[in-house]
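Here's the structure we're looking at; comments come further down.
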Amino acid sequence: MRHFAIAGVQMFVSATHRNIEMMKHKIELTVSIYPWVNMIVFSELCAFGPLTSHALEDTSSVEAVFCDLARKHSIWIVPGSIYQRRGNEIFNMCIAIN
């Protein structure tokens with residue numbers, strides 16, 4: 001049986017500005033302290049906060065940030081959920097990056 005270590009990150013989430021820089025810092029800190037971690041998971045709506053006014057139509061640039069970090073550290077990252085706007089609707093979507 002292979003072990004799979006998961007780290008859950010708890011951090012302050014601002015509702016008024018992006019939290020991605022702090023999330024990047026927490027990822028770097030976590031892998032430096034716990035190099036055996038295979039997956040890092042953040043809370044719901046962590047990247048932009050809980051306001052639907054921050055919904056994105058295109059999430060690819062945000063996904064790219066976390067894809068680069070996952071590749072750099074050879075880990076999985078679940079960056080919490082992100083509000084995504086499609087037309088007049090808003091969805092709470094979550095990705096898992098390997």
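Letters A, B, ... mark the chains of the structure tokens in the order given; residue numbers begin at 1 per chain; ligand numbers begin at 1, in order shown.
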
For this session: Identify, on the basis of only C-alpha atoms, every residue whose closest approach to His17 of chain A does not exceed 12 Å; exclude the query and any residue fewer than 4 positions from it along the same chain; express the result as a ChimeraX atom specification.
Result: /A:12-13,21-22,45-51,53-54

Please produce a file of those selected residues containing C-alpha atoms, as an mmCIF file, in the first residue's frame.
data_model
loop_
_atom_site.group_PDB
_atom_site.id
_atom_site.type_symbol
_atom_site.label_atom_id
_atom_site.label_comp_id
_atom_site.auth_asym_id
_atom_site.auth_seq_id
_atom_site.Cartn_x
_atom_site.Cartn_y
_atom_site.Cartn_z
ATOM 1 C CA PHE A 12 -7.597 34.174 6.358
ATOM 2 C CA VAL A 13 -9.702 34.715 3.230
ATOM 3 C CA GLU A 21 -0.488 35.443 -3.556
ATOM 4 C CA MET A 22 -1.067 34.232 0.005
ATOM 5 C CA LEU A 45 -13.909 30.233 -2.362
ATOM 6 C CA CYS A 46 -10.402 30.820 -1.014
ATOM 7 C CA ALA A 47 -8.889 32.444 -4.124
ATOM 8 C CA PHE A 48 -11.338 35.360 -4.475
ATOM 9 C CA GLY A 49 -13.579 35.234 -1.425
ATOM 10 C CA PRO A 50 -17.337 34.678 -1.088
ATOM 11 C CA LEU A 51 -18.696 37.605 -3.121
ATOM 12 C CA SER A 53 -19.203 40.020 -7.809
ATOM 13 C CA HIS A 54 -15.739 38.398 -8.093
#

Exercise. Which residues in segment 38-84 of chain A does DSSP call strand (DSSP E)? List them as a list in words.
Worked result: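 Taking segment 38-84 of chain A and keeping strand (DSSP E) only, one gets Asn38, Met39, Ile40, Val41, Trp76, Ile77, Val78, Ser81, Ile82, Tyr83 and Gln84 of chain A.
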
Write a file of the just-selected residues containing N, CA and C atoms, as an mmCIF file, in the first residue's frame.
data_model
loop_
_atom_site.group_PDB
_atom_site.id
_atom_site.type_symbol
_atom_site.label_atom_id
_atom_site.label_comp_id
_atom_site.auth_asym_id
_atom_site.auth_seq_id
_atom_site.Cartn_x
_atom_site.Cartn_y
_atom_site.Cartn_z
ATOM 1 N N ASN A 38 1.535 15.034 -0.641
ATOM 2 C CA ASN A 38 1.173 14.748 -2.028
ATOM 3 C C ASN A 38 0.063 15.657 -2.555
ATOM 4 N N MET A 39 -0.741 16.220 -1.649
ATOM 5 C CA MET A 39 -1.864 17.056 -2.052
ATOM 6 C C MET A 39 -2.058 18.176 -1.045
ATOM 7 N N ILE A 40 -2.332 19.382 -1.566
ATOM 8 C CA ILE A 40 -2.656 20.517 -0.714
ATOM 9 C C ILE A 40 -4.056 20.989 -1.080
ATOM 10 N N VAL A 41 -4.905 21.133 -0.063
ATOM 11 C CA VAL A 41 -6.304 21.488 -0.259
ATOM 12 C C VAL A 41 -6.610 22.796 0.472
ATOM 13 N N TRP A 76 -0.504 17.365 -6.018
ATOM 14 C CA TRP A 76 -1.875 17.722 -6.375
ATOM 15 C C TRP A 76 -2.215 19.006 -5.627
ATOM 16 N N ILE A 77 -3.030 19.867 -6.247
ATOM 17 C CA ILE A 77 -3.525 21.064 -5.568
ATOM 18 C C ILE A 77 -5.026 21.186 -5.831
ATOM 19 N N VAL A 78 -5.778 21.374 -4.749
ATOM 20 C CA VAL A 78 -7.205 21.696 -4.848
ATOM 21 C C VAL A 78 -7.340 23.106 -4.269
ATOM 22 N N SER A 81 -12.905 26.328 -4.199
ATOM 23 C CA SER A 81 -13.792 26.591 -5.330
ATOM 24 C C SER A 81 -13.666 28.043 -5.766
ATOM 25 N N ILE A 82 -14.153 28.315 -6.972
ATOM 26 C CA ILE A 82 -14.107 29.654 -7.559
ATOM 27 C C ILE A 82 -15.466 29.905 -8.212
ATOM 28 N N TYR A 83 -16.001 31.083 -8.005
ATOM 29 C CA TYR A 83 -17.223 31.442 -8.715
ATOM 30 C C TYR A 83 -16.883 31.676 -10.191
ATOM 31 N N GLN A 84 -17.656 31.026 -11.053
ATOM 32 C CA GLN A 84 -17.469 31.205 -12.485
ATOM 33 C C GLN A 84 -18.774 31.681 -13.108
#

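Close contacts of Glu28 of chain A, defined as residues with an atom at most 12 Å away when counting only C-alpha atoms, with chain neighbours fewer than 3 positions off set aside, comprise Val9, Glu21, Met22, Met23, Lys24, His25, Val31, Ser32, Ile33, Tyr34, Pro35, Val37, Ile40, Phe66, Leu69, Ala70, Lys72, His73, Ile75 and Ile77 of chain A.
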
For this session: Might you pull out every residue within 12 Å of Arg85 of chain A, with only C-alpha atoms counted and same-chain residues fewer than 4 positions away left off, and present them as a list in words?
Result: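 Neighbouring residues, sequence-local ones excluded: Thr52, Ser53, His54, Ala55, Leu56, Glu57, Asp58, Thr59, Glu89, Ile90, Phe91, Asn92 and Met93 of chain A.
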
Any chance you can output those residues with N, CA, C and O atoms as a compact mmCIF listing (two decimals), in the first residue's frame?
# COMPACT_ATOMS: atom_id res chain seq x y z
N THR A 52 -20.10 37.06 -5.02
CA THR A 52 -20.34 36.67 -6.42
C THR A 52 -19.90 37.75 -7.40
O THR A 52 -19.72 37.47 -8.58
N SER A 53 -19.70 38.95 -6.93
CA SER A 53 -19.20 40.02 -7.81
C SER A 53 -17.78 39.73 -8.31
O SER A 53 -17.32 40.35 -9.26
N HIS A 54 -17.10 38.78 -7.68
CA HIS A 54 -15.74 38.40 -8.09
C HIS A 54 -15.75 37.20 -9.06
O HIS A 54 -14.70 36.66 -9.37
N ALA A 55 -16.93 36.81 -9.51
CA ALA A 55 -17.03 35.66 -10.42
C ALA A 55 -16.24 35.94 -11.71
O ALA A 55 -16.26 37.05 -12.25
N LEU A 56 -15.56 34.92 -12.19
CA LEU A 56 -14.74 35.03 -13.40
C LEU A 56 -15.45 34.37 -14.58
O LEU A 56 -16.07 33.32 -14.42
N GLU A 57 -15.31 34.95 -15.75
CA GLU A 57 -15.81 34.29 -16.95
C GLU A 57 -14.79 33.28 -17.45
O GLU A 57 -15.14 32.22 -17.94
N ASP A 58 -13.52 33.62 -17.33
CA ASP A 58 -12.44 32.75 -17.78
C ASP A 58 -11.52 32.48 -16.59
O ASP A 58 -10.90 33.40 -16.06
N THR A 59 -11.43 31.24 -16.18
CA THR A 59 -10.61 30.86 -15.03
C THR A 59 -9.23 30.32 -15.42
O THR A 59 -8.46 29.93 -14.56
N GLU A 89 -25.61 33.28 -15.35
CA GLU A 89 -25.55 32.33 -14.23
C GLU A 89 -24.16 32.32 -13.62
O GLU A 89 -23.16 32.55 -14.29
N ILE A 90 -24.12 32.01 -12.32
CA ILE A 90 -22.85 31.88 -11.60
C ILE A 90 -22.81 30.48 -11.00
O ILE A 90 -23.74 30.03 -10.35
N PHE A 91 -21.68 29.81 -11.24
CA PHE A 91 -21.47 28.46 -10.73
C PHE A 91 -20.32 28.47 -9.74
O PHE A 91 -19.35 29.22 -9.90
N ASN A 92 -20.41 27.63 -8.73
CA ASN A 92 -19.34 27.45 -7.75
C ASN A 92 -18.58 26.20 -8.18
O ASN A 92 -18.97 25.09 -7.87
N MET A 93 -17.48 26.41 -8.91
CA MET A 93 -16.76 25.27 -9.46
C MET A 93 -15.46 25.03 -8.72
O MET A 93 -14.87 25.94 -8.15

Seminar exercise, completed: Expressed in Å, the length from atom CA of Arg2 of chain A to atom CA of Ile97 of chain A is 19.8 Å

Exercise. Given the choices A:Ser43, A:Phe4, A:Gly80, A:Asn98, which gets closest to Cys67 of chain A if the distance is worked out from only C-alpha atoms?
Worked result: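 Of the candidates, the smallest distance to Cys67 of chain A is held by A:Asn98.
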
Exercise. Distance atom CA of Ile20 of chain A-atom CA of Val62 of chain A, one decimal place?
Worked result: 8.3 Å
